[in-house]
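J.: Handing you a structure now.
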Amino acid sequence: MKTHQIAQWSTRRPWTAVALWLAFVAACLAVGALVPARTVTAAETAVGEAGRAAVMLRDAGLGAAATESILITGPSLEAARAAAADAAWRLGGLDEVAQVGVAVTADTNDAVVLPVVLSGDPETADLRLAPLQAAVAAVAADFPDLRVEQTGSVSLRAGLAAQSTEDLDVAALVSLPMTLIILLVVFGALVAAGVPVLLGLSAVAAAFGLSALVSQLIPSTGTTSAMVLLMGMAVGVDYSLFYVKRYRESLSQGHIPAVRIAVETSGHSVLISGIAVIIAMLGLFLVGDVTFSSLAACSALVVAVAMLGSLTVLPALLTALGRWMRPSSRISREPRLWPALLRPALRRPVWTLVGSVLAMTLLAVPALGMTPRNPDVDDLPRGIPAVAALHRLIAAFPDARSSHVVVVSLPAGSSASASTEVAARLRTLGDGTPRVSSDGRVHELVISSDVDSESAQARQEVLDLRRRLPEVLRGLDASWAVGGDAALSVDYADNLARALPWVVTFIVLATSAVIVVAFRSLVLALVTAVSNLISVGAAFGVITLVFQTVGGGHIVTFVPLFAFAVLSGLSMDYHVFVLTRVRELVSDGVPTREAVARGITGSAGTVTSAAVIMVSVFSVFVLGHGIEFTQLGVGLSTAVLIDALIIRAFVLPSLLTLLGRWTWWPARPQPSPPPAPSLVTAVS
């Protein structure tokens with residue numbers, strides 16, 4: 001079905017289409033309010049052998065209870081111990097607390113820590129955190145000369161979630177007016193500027209509601225909402241921008257023909273690019289990690305909603321409100337900058353291509369030294385009280401580093417002697433007494449380590465344990481796994497390394513296939529793949545240079561792969577839009593070189609405007625407190641700028657000019673068919 005056939009009903013009944021779209025968005029929000037989103041559990045986030053260890057413990061009822069630490073520091077050790085006793089008394093009387101441990105004094109005698117074990121399901125412990133925080137605050141009020149604070153897995157999770165929500169609110173408050181201002185400058189009319197923002201917002205709102213349903217199959221993570229906002233505003237505004245710009249450019253042919261032209265051209269581009277984005281995001285399912293799967297599913301969802309809106313309600317809005325979207329003479333002037341930028345690519349395509357590709361390659365060189373790794377304590381925002389307390393806890397008790405968890409499971413019906421034998425053999429691996437499940441089948445041994453869980457030494461310890469364990473348990477009918485923080489890090493990195501070539505190959509081939517289907521050209525598919533890889537490589541080089549080479553840090557493990565999927569999809573927006581304009585001209589008999597010049601120049605304003613909006617949306621996330629979103633913001637913004645400027649002004653026109661008629665091999669574009677009948681009758 002053609003895009004004008006999809007839009008035909010909406011344009012004949014514009015206000016009915018708008019009402020139905022609003023009803024759809026409201027229904028999605030209602031679903032989100034009625035269906036509670038399911039969040040990912042710790043066992044679900046683990047992969048590999050560490051993931052199996054977590055599942056074995058969970059199924060055996062040996063999952064670790066939620067724990068918190070009450071840290072008390074100050075000049076008086078006696079006062080700190082008194083405060084610890086007061087805290088133990090207050091916390092011991094709470095239903096939310098299962099056990100209060102023994103207070104431990106730091107070697108420096110200036111800190112005391114009180115361990116607390118929470119009752120109930122550890123995955124929902126943050127919902128029961130308020131009484132503990134109130135008790136700790138009361139102790140702090142009674143001992144004003146001391147610093148009394150709380151940290152632990154539960155308070156850290158709650159603090160990070162609150163910070164993420166705050167960052168999301170700030171992103172929305174900053175990005176919306178910024179986007180509207182940019183569109184006002186581009187269009188010079190409030191209605192024309194408001195339509196893209198409204199479509200982007202409605203797509204995000206609908207996707208937020210529907211994501212609650214998706215979470216029942218693929219649990220949501222702490223970053224899901226931010227990615228829905230980021231992707232929804234980026235593609236929703238871009239799709240509308242393509243429509244409105246093409247409509248305004250065609251107004252010389254009349255209002256109704258302009259709507260038809262916008263639907264048949266920009267609508268077709270939106271359909272192709274939207275499918276490409278969705279396919280690229282779905283490639284992340286090959287990672288086999290719930291975090292990637294959640295981000296991929298929700299990103300694909302919001303793109304699908306934005307695409308649906310652009311093919312239905314957007315043509316209706318153009319039909320009904322088009323008279324308020326007419327361009328001013330200032331806006332409709334012929335561009336001057338882009339013809340000058342394109343001149344080198346059109347006159348000296350070989351030198352322009354070589355020079356631009358060489359520059360992008362040099363920019364990508366730092367990425368060869370990229371060292372991805374999981375975020376650690378130093379990457380957490382210290383503005384969160386629980387994070388600041390954790391840093392002070394580590395400083396006061398430096399020996400509390402990490403631990404390895406060895407889990408051994410016997411088959412059902414095993415004898416008591418087999419369980420005793422497992423426990424005896426596990427003791428040869430390290431100090432401590434193994435925990436045993438109620439049925440005696442599952443054993444857990446925790447082995448303390450004095451190295452950081454993200455260090456190379458910790459990785460080697462995990463590998464040594466996994467190598468020794470089969471020998472230690474030789475002759476026993478049992479299954480085993482090594483887990484813990486270090487093992488989680490090892491397995492996560494190994495899983496990404498395994499998945500990387502498969503995901504990259506899938507995304508490149510899938511997006512190339514979309515180009516082949518859309519343009520009937522194998523050459524254009526190859527050009528698309530090369531262009532994407534060049535821009536992504538340069539963006540990775542910038543990320544590495546900023547955060548690792550100069551910043552002295554590291555790249556968060558999931559950022560490169562996720563950024564590659566996002567960029568491979570989003571770059572299709574500009575790519576398809578530009579190629580569609582060039583193909584239209586070639587179909588009308590214009591030589592390829594002239595078609596490239598006119599097509600890119602004619603679409604330059606739209607592409608530049610869309611790029612500025614995307615960069616503004618992505619840049620907002622640089623202001624967030626999470627290092628992963630800061631890196632994503634920098635990487636995505638850089639890649640969009642490179643893609644919209646360097647690739648579109650130098651690389652793509654050089655390639656198309658050199659290829660000439662071979663650009664469209666094996667099927668040269670045919671002359672455009674006669675105009676289809678008008679989509680609508682005139683709207684009074």
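Order determines the names: the first chain of the structure tokens is A, the second B, and so forth; residues in each chain are numbered 1 upward, and ligands are numbered 1 upward as they are shown.
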For region 603-611 of chain A, find every residue with an atom within 10 Å (counting only C-alpha atoms), except residues of its own chain fewer than 5 positions away, and show them as a PyMOL selection string.
T.: chain A and resi 182-183+185-187+234-235+237-246+331+334-335+337-339+571+573-575+577-582+598+616-617+637+639-645+648-649
J.: Return as a PDB file with C-alpha atoms, in the first residue's frame the full set of residues in region 243-466 of chain A whose backbone-based DSSP assignment is helix (DSSP H, G or I).
T.:
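What landed in selection03.pdb:
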ATOM      1  CA  TYR A 243       6.469  16.672   6.014  1.00  0.00           C
ATOM      2  CA  VAL A 244       5.992  20.360   6.797  1.00  0.00           C
ATOM      3  CA  LYS A 245       9.057  21.482   4.838  1.00  0.00           C
ATOM      4  CA  ARG A 246       8.019  19.518   1.738  1.00  0.00           C
ATOM      5  CA  TYR A 247       4.437  20.767   2.025  1.00  0.00           C
ATOM      6  CA  ARG A 248       5.587  24.377   2.185  1.00  0.00           C
ATOM      7  CA  GLU A 249       7.971  23.915  -0.746  1.00  0.00           C
ATOM      8  CA  LEU A 251       2.510  25.287  -2.001  1.00  0.00           C
ATOM      9  CA  SER A 252       3.002  26.969  -5.369  1.00  0.00           C
ATOM     10  CA  GLN A 253       0.945  24.098  -6.802  1.00  0.00           C
ATOM     11  CA  HIS A 255      -2.841  23.581  -0.892  1.00  0.00           C
ATOM     12  CA  ILE A 256      -4.333  20.175  -1.770  1.00  0.00           C
ATOM     13  CA  PRO A 257      -1.595  19.185  -4.251  1.00  0.00           C
ATOM     14  CA  ALA A 258       1.019  20.256  -1.688  1.00  0.00           C
ATOM     15  CA  VAL A 259      -0.477  17.881   0.882  1.00  0.00           C
ATOM     16  CA  ARG A 260      -0.433  15.069  -1.685  1.00  0.00           C
ATOM     17  CA  ILE A 261       3.184  15.737  -2.637  1.00  0.00           C
ATOM     18  CA  ALA A 262       4.275  15.831   1.019  1.00  0.00           C
ATOM     19  CA  VAL A 263       2.534  12.533   1.714  1.00  0.00           C
ATOM     20  CA  GLU A 264       3.890  10.772  -1.369  1.00  0.00           C
ATOM     21  CA  THR A 265       7.484  11.989  -0.945  1.00  0.00           C
ATOM     22  CA  SER A 266       8.209  12.723   2.705  1.00  0.00           C
ATOM     23  CA  GLY A 267       5.709  10.105   3.827  1.00  0.00           C
ATOM     24  CA  HIS A 268       7.544   7.511   1.759  1.00  0.00           C
ATOM     25  CA  SER A 269      10.872   8.622   3.254  1.00  0.00           C
ATOM     26  CA  VAL A 270       9.465   8.422   6.775  1.00  0.00           C
ATOM     27  CA  LEU A 271       8.152   4.924   6.155  1.00  0.00           C
ATOM     28  CA  ILE A 272      11.524   3.693   4.884  1.00  0.00           C
ATOM     29  CA  SER A 273      13.624   5.393   7.555  1.00  0.00           C
ATOM     30  CA  GLY A 274      11.242   4.329  10.335  1.00  0.00           C
ATOM     31  CA  ILE A 275      11.452   0.699   9.280  1.00  0.00           C
ATOM     32  CA  ALA A 276      15.247   1.003   9.146  1.00  0.00           C
ATOM     33  CA  VAL A 277      15.402   2.433  12.673  1.00  0.00           C
ATOM     34  CA  ILE A 278      13.154  -0.311  14.037  1.00  0.00           C
ATOM     35  CA  ILE A 279      15.180  -3.057  12.343  1.00  0.00           C
ATOM     36  CA  ALA A 280      18.428  -1.565  13.637  1.00  0.00           C
ATOM     37  CA  MET A 281      17.095  -1.457  17.197  1.00  0.00           C
ATOM     38  CA  LEU A 282      15.751  -5.009  17.005  1.00  0.00           C
ATOM     39  CA  GLY A 283      19.269  -6.162  16.180  1.00  0.00           C
ATOM     40  CA  LEU A 284      20.122  -5.518  19.827  1.00  0.00           C
ATOM     41  CA  PHE A 285      18.079  -8.581  20.791  1.00  0.00           C
ATOM     42  CA  LEU A 286      21.004 -10.632  19.492  1.00  0.00           C
ATOM     43  CA  VAL A 287      23.000  -9.522  22.537  1.00  0.00           C
ATOM     44  CA  VAL A 290      17.667  -7.926  29.141  1.00  0.00           C
ATOM     45  CA  THR A 291      18.979  -4.354  29.354  1.00  0.00           C
ATOM     46  CA  PHE A 292      19.642  -4.201  25.617  1.00  0.00           C
ATOM     47  CA  SER A 293      16.371  -5.983  24.876  1.00  0.00           C
ATOM     48  CA  SER A 294      14.393  -3.488  26.961  1.00  0.00           C
ATOM     49  CA  LEU A 295      16.066  -0.473  25.354  1.00  0.00           C
ATOM     50  CA  ALA A 296      15.614  -1.970  21.889  1.00  0.00           C
ATOM     51  CA  ALA A 297      11.949  -2.848  22.387  1.00  0.00           C
ATOM     52  CA  CYS A 298      10.955   0.537  23.802  1.00  0.00           C
ATOM     53  CA  SER A 299      13.008   2.486  21.248  1.00  0.00           C
ATOM     54  CA  ALA A 300      11.423   0.514  18.410  1.00  0.00           C
ATOM     55  CA  LEU A 301       8.015   1.073  20.000  1.00  0.00           C
ATOM     56  CA  VAL A 302       8.293   4.862  20.147  1.00  0.00           C
ATOM     57  CA  VAL A 303       9.638   5.000  16.581  1.00  0.00           C
ATOM     58  CA  ALA A 304       6.690   2.892  15.399  1.00  0.00           C
ATOM     59  CA  VAL A 305       4.236   5.206  17.167  1.00  0.00           C
ATOM     60  CA  ALA A 306       5.912   8.311  15.686  1.00  0.00           C
ATOM     61  CA  MET A 307       5.842   6.698  12.243  1.00  0.00           C
ATOM     62  CA  LEU A 308       2.149   5.854  12.638  1.00  0.00           C
ATOM     63  CA  GLY A 309       1.378   9.438  13.628  1.00  0.00           C
ATOM     64  CA  SER A 310       3.316  10.851  10.692  1.00  0.00           C
ATOM     65  CA  LEU A 311       1.353   8.684   8.250  1.00  0.00           C
ATOM     66  CA  VAL A 313      -2.639  12.425  11.933  1.00  0.00           C
ATOM     67  CA  LEU A 314       0.122  14.538  10.384  1.00  0.00           C
ATOM     68  CA  PRO A 315      -1.458  14.616   6.887  1.00  0.00           C
ATOM     69  CA  ALA A 316      -4.731  15.501   8.584  1.00  0.00           C
ATOM     70  CA  LEU A 317      -3.094  18.441  10.363  1.00  0.00           C
ATOM     71  CA  LEU A 318      -1.525  19.624   7.112  1.00  0.00           C
ATOM     72  CA  THR A 319      -4.937  19.519   5.472  1.00  0.00           C
ATOM     73  CA  ALA A 320      -6.708  21.350   8.277  1.00  0.00           C
ATOM     74  CA  LEU A 321      -4.024  23.843   9.336  1.00  0.00           C
ATOM     75  CA  GLY A 322      -2.027  24.295   6.150  1.00  0.00           C
ATOM     76  CA  ARG A 323      -3.192  27.864   5.625  1.00  0.00           C
ATOM     77  CA  TRP A 324      -1.352  28.866   8.839  1.00  0.00           C
ATOM     78  CA  LEU A 337      25.810  28.004   1.805  1.00  0.00           C
ATOM     79  CA  TRP A 338      25.176  24.481   0.541  1.00  0.00           C
ATOM     80  CA  PRO A 339      25.916  25.130  -3.141  1.00  0.00           C
ATOM     81  CA  ALA A 340      29.322  26.428  -2.000  1.00  0.00           C
ATOM     82  CA  LEU A 341      29.885  23.395   0.246  1.00  0.00           C
ATOM     83  CA  LEU A 342      28.970  20.981  -2.539  1.00  0.00           C
ATOM     84  CA  ARG A 343      31.222  22.587  -5.134  1.00  0.00           C
ATOM     85  CA  PRO A 344      34.375  20.564  -4.235  1.00  0.00           C
ATOM     86  CA  ALA A 345      32.475  17.241  -4.270  1.00  0.00           C
ATOM     87  CA  LEU A 346      30.912  17.981  -7.652  1.00  0.00           C
ATOM     88  CA  ARG A 347      34.037  19.386  -9.332  1.00  0.00           C
ATOM     89  CA  PRO A 349      34.942  14.179  -6.343  1.00  0.00           C
ATOM     90  CA  VAL A 350      38.042  11.972  -6.029  1.00  0.00           C
ATOM     91  CA  TRP A 351      40.074  14.439  -3.972  1.00  0.00           C
ATOM     92  CA  THR A 352      37.052  15.450  -1.907  1.00  0.00           C
ATOM     93  CA  LEU A 353      36.198  11.830  -1.127  1.00  0.00           C
ATOM     94  CA  VAL A 354      39.780  10.917  -0.247  1.00  0.00           C
ATOM     95  CA  GLY A 355      40.246  14.006   1.910  1.00  0.00           C
ATOM     96  CA  SER A 356      36.969  13.654   3.817  1.00  0.00           C
ATOM     97  CA  VAL A 357      37.377   9.918   4.402  1.00  0.00           C
ATOM     98  CA  LEU A 358      40.964  10.454   5.555  1.00  0.00           C
ATOM     99  CA  ALA A 359      39.830  13.147   7.994  1.00  0.00           C
ATOM    100  CA  MET A 360      37.099  10.871   9.366  1.00  0.00           C
ATOM    101  CA  THR A 361      39.582   8.005   9.660  1.00  0.00           C
ATOM    102  CA  LEU A 362      42.003  10.155  11.654  1.00  0.00           C
ATOM    103  CA  LEU A 363      39.131  11.209  13.887  1.00  0.00           C
ATOM    104  CA  ALA A 364      38.260   7.551  14.434  1.00  0.00           C
ATOM    105  CA  VAL A 365      41.819   6.487  15.358  1.00  0.00           C
ATOM    106  CA  PRO A 366      41.399   7.045  19.139  1.00  0.00           C
ATOM    107  CA  ALA A 367      38.589   4.465  19.097  1.00  0.00           C
ATOM    108  CA  LEU A 368      41.214   1.761  18.464  1.00  0.00           C
ATOM    109  CA  GLY A 369      42.350   2.257  22.053  1.00  0.00           C
ATOM    110  CA  VAL A 377      31.554   3.474  42.235  1.00  0.00           C
ATOM    111  CA  ASP A 378      33.589   6.361  40.852  1.00  0.00           C
ATOM    112  CA  ASP A 379      31.138   6.722  37.955  1.00  0.00           C
ATOM    113  CA  PRO A 385      23.556  11.062  49.445  1.00  0.00           C
ATOM    114  CA  ALA A 386      23.843   7.264  49.339  1.00  0.00           C
ATOM    115  CA  VAL A 387      26.683   7.498  46.805  1.00  0.00           C
ATOM    116  CA  ALA A 388      28.581  10.065  48.873  1.00  0.00           C
ATOM    117  CA  ALA A 389      28.125   7.845  51.932  1.00  0.00           C
ATOM    118  CA  LEU A 390      29.408   4.825  49.988  1.00  0.00           C
ATOM    119  CA  HIS A 391      32.596   6.668  49.077  1.00  0.00           C
ATOM    120  CA  ARG A 392      33.176   7.527  52.732  1.00  0.00           C
ATOM    121  CA  LEU A 393      32.405   3.926  53.736  1.00  0.00           C
ATOM    122  CA  ILE A 394      35.007   2.594  51.287  1.00  0.00           C
ATOM    123  CA  ALA A 395      37.546   5.147  52.532  1.00  0.00           C
ATOM    124  CA  ALA A 396      36.936   4.175  56.169  1.00  0.00           C
ATOM    125  CA  ALA A 416      22.644 -36.275  52.774  1.00  0.00           C
ATOM    126  CA  SER A 417      26.158 -37.690  52.395  1.00  0.00           C
ATOM    127  CA  ALA A 418      26.432 -36.069  48.951  1.00  0.00           C
ATOM    128  CA  SER A 419      25.472 -32.717  50.471  1.00  0.00           C
ATOM    129  CA  THR A 420      28.058 -33.160  53.214  1.00  0.00           C
ATOM    130  CA  GLU A 421      30.702 -34.040  50.636  1.00  0.00           C
ATOM    131  CA  VAL A 422      29.933 -30.882  48.605  1.00  0.00           C
ATOM    132  CA  ALA A 423      30.262 -28.698  51.698  1.00  0.00           C
ATOM    133  CA  ALA A 424      33.598 -30.306  52.594  1.00  0.00           C
ATOM    134  CA  ARG A 425      35.039 -29.804  49.122  1.00  0.00           C
ATOM    135  CA  LEU A 426      33.860 -26.190  48.922  1.00  0.00           C
ATOM    136  CA  ALA A 456      42.236  -7.362  35.994  1.00  0.00           C
ATOM    137  CA  GLN A 457      43.171  -9.226  39.192  1.00  0.00           C
ATOM    138  CA  ALA A 458      39.498  -9.834  39.987  1.00  0.00           C
ATOM    139  CA  ARG A 459      38.926 -11.171  36.481  1.00  0.00           C
ATOM    140  CA  GLN A 460      41.854 -13.552  36.887  1.00  0.00           C
ATOM    141  CA  GLU A 461      40.502 -14.745  40.247  1.00  0.00           C
ATOM    142  CA  VAL A 462      37.161 -15.555  38.601  1.00  0.00           C
ATOM    143  CA  LEU A 463      38.851 -17.463  35.785  1.00  0.00           C
ATOM    144  CA  ASP A 464      41.030 -19.363  38.284  1.00  0.00           C
ATOM    145  CA  LEU A 465      37.977 -20.356  40.341  1.00  0.00           C
ATOM    146  CA  ARG A 466      36.131 -21.558  37.252  1.00  0.00           C
TER     147      ARG A 466
END
J.: So what do you get for CA of Gly194 (chain A) versus CA of Gly236 (chain A), distance-wise?
T.: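 Separating CA of Gly194 (chain A) from CA of Gly236 (chain A) is a distance of 12.1 Å.
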J.: Determine, counting only C-alpha atoms, which protein, DNA and RNA residues have an atom within 10 Å of an atom of Leu129 (chain A); residues of the same chain fewer than 2 positions away are not included. Present the result as a list in words.
T.: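 These residues fall inside the cut-off: Glu68, Glu96, Val97, Leu118, Thr124, Ala125, Asp126, Leu127, Pro131, Leu132, Gln133, Ala134, Val154, Ser155 and Ala158 of chain A.
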J.: Using N, CA and C atoms, can you export the residues from the last selection as a PDB file, in the first residue's frame?
T.:
ATOM      1  N   GLU A  68      21.713  -2.831  54.178  1.00  0.00           N
ATOM      2  CA  GLU A  68      22.072  -1.425  54.247  1.00  0.00           C
ATOM      3  C   GLU A  68      23.163  -1.257  55.299  1.00  0.00           C
ATOM      4  N   GLU A  96      10.324  -3.487  58.926  1.00  0.00           N
ATOM      5  CA  GLU A  96      11.070  -3.556  57.673  1.00  0.00           C
ATOM      6  C   GLU A  96      12.480  -4.089  57.854  1.00  0.00           C
ATOM      7  N   VAL A  97      12.912  -4.268  59.093  1.00  0.00           N
ATOM      8  CA  VAL A  97      14.273  -4.733  59.382  1.00  0.00           C
ATOM      9  C   VAL A  97      14.221  -6.153  59.925  1.00  0.00           C
ATOM     10  N   LEU A 118      17.425  -6.125  55.662  1.00  0.00           N
ATOM     11  CA  LEU A 118      16.025  -5.777  55.514  1.00  0.00           C
ATOM     12  C   LEU A 118      15.172  -7.025  55.328  1.00  0.00           C
ATOM     13  N   THR A 124      11.952  -5.440  45.995  1.00  0.00           N
ATOM     14  CA  THR A 124      11.014  -4.343  46.282  1.00  0.00           C
ATOM     15  C   THR A 124      11.363  -3.617  47.577  1.00  0.00           C
ATOM     16  N   ALA A 125      12.576  -3.822  48.064  1.00  0.00           N
ATOM     17  CA  ALA A 125      12.967  -3.236  49.350  1.00  0.00           C
ATOM     18  C   ALA A 125      12.968  -1.717  49.320  1.00  0.00           C
ATOM     19  N   ASP A 126      13.187  -1.105  48.133  1.00  0.00           N
ATOM     20  CA  ASP A 126      13.209   0.354  48.067  1.00  0.00           C
ATOM     21  C   ASP A 126      11.850   0.959  48.389  1.00  0.00           C
ATOM     22  N   LEU A 127      10.782   0.163  48.253  1.00  0.00           N
ATOM     23  CA  LEU A 127       9.454   0.648  48.612  1.00  0.00           C
ATOM     24  C   LEU A 127       9.262   0.705  50.125  1.00  0.00           C
ATOM     25  N   PRO A 131      10.857   4.161  56.356  1.00  0.00           N
ATOM     26  CA  PRO A 131      11.004   4.067  57.822  1.00  0.00           C
ATOM     27  C   PRO A 131      12.463   4.020  58.279  1.00  0.00           C
ATOM     28  N   LEU A 132      13.315   3.334  57.515  1.00  0.00           N
ATOM     29  CA  LEU A 132      14.734   3.292  57.880  1.00  0.00           C
ATOM     30  C   LEU A 132      15.354   4.677  57.774  1.00  0.00           C
ATOM     31  N   GLN A 133      15.054   5.382  56.707  1.00  0.00           N
ATOM     32  CA  GLN A 133      15.608   6.715  56.528  1.00  0.00           C
ATOM     33  C   GLN A 133      15.135   7.663  57.627  1.00  0.00           C
ATOM     34  N   ALA A 134      13.881   7.493  58.054  1.00  0.00           N
ATOM     35  CA  ALA A 134      13.364   8.337  59.134  1.00  0.00           C
ATOM     36  C   ALA A 134      14.089   8.041  60.442  1.00  0.00           C
ATOM     37  N   VAL A 154      20.001  -0.930  48.453  1.00  0.00           N
ATOM     38  CA  VAL A 154      18.629  -0.430  48.352  1.00  0.00           C
ATOM     39  C   VAL A 154      18.605   1.088  48.233  1.00  0.00           C
ATOM     40  N   SER A 155      19.304   1.767  49.119  1.00  0.00           N
ATOM     41  CA  SER A 155      19.309   3.234  49.071  1.00  0.00           C
ATOM     42  C   SER A 155      20.019   3.740  47.818  1.00  0.00           C
ATOM     43  N   ALA A 158      17.425   3.369  45.030  1.00  0.00           N
ATOM     44  CA  ALA A 158      16.389   4.396  45.162  1.00  0.00           C
ATOM     45  C   ALA A 158      16.932   5.774  44.793  1.00  0.00           C
TER      46      ALA A 158
END
J.: Skip region 47-61 of chain A itself and residues of its chain fewer than 6 positions away, then list as an NGL selection string all residues within 10 Å of it, counting only C-alpha atoms.
T.: :A and (288-290 or 404-409 or 436-444 or 466 or 479-495)
J.: So, with only C-alpha atoms as the atoms that count, which of A:Ala37, A:Leu168, A:Trp21, A:Val139 lies closest to Ser215 (chain A)?
T.: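 Of the candidates, the smallest distance to Ser215 (chain A) is held by A:Ala37.
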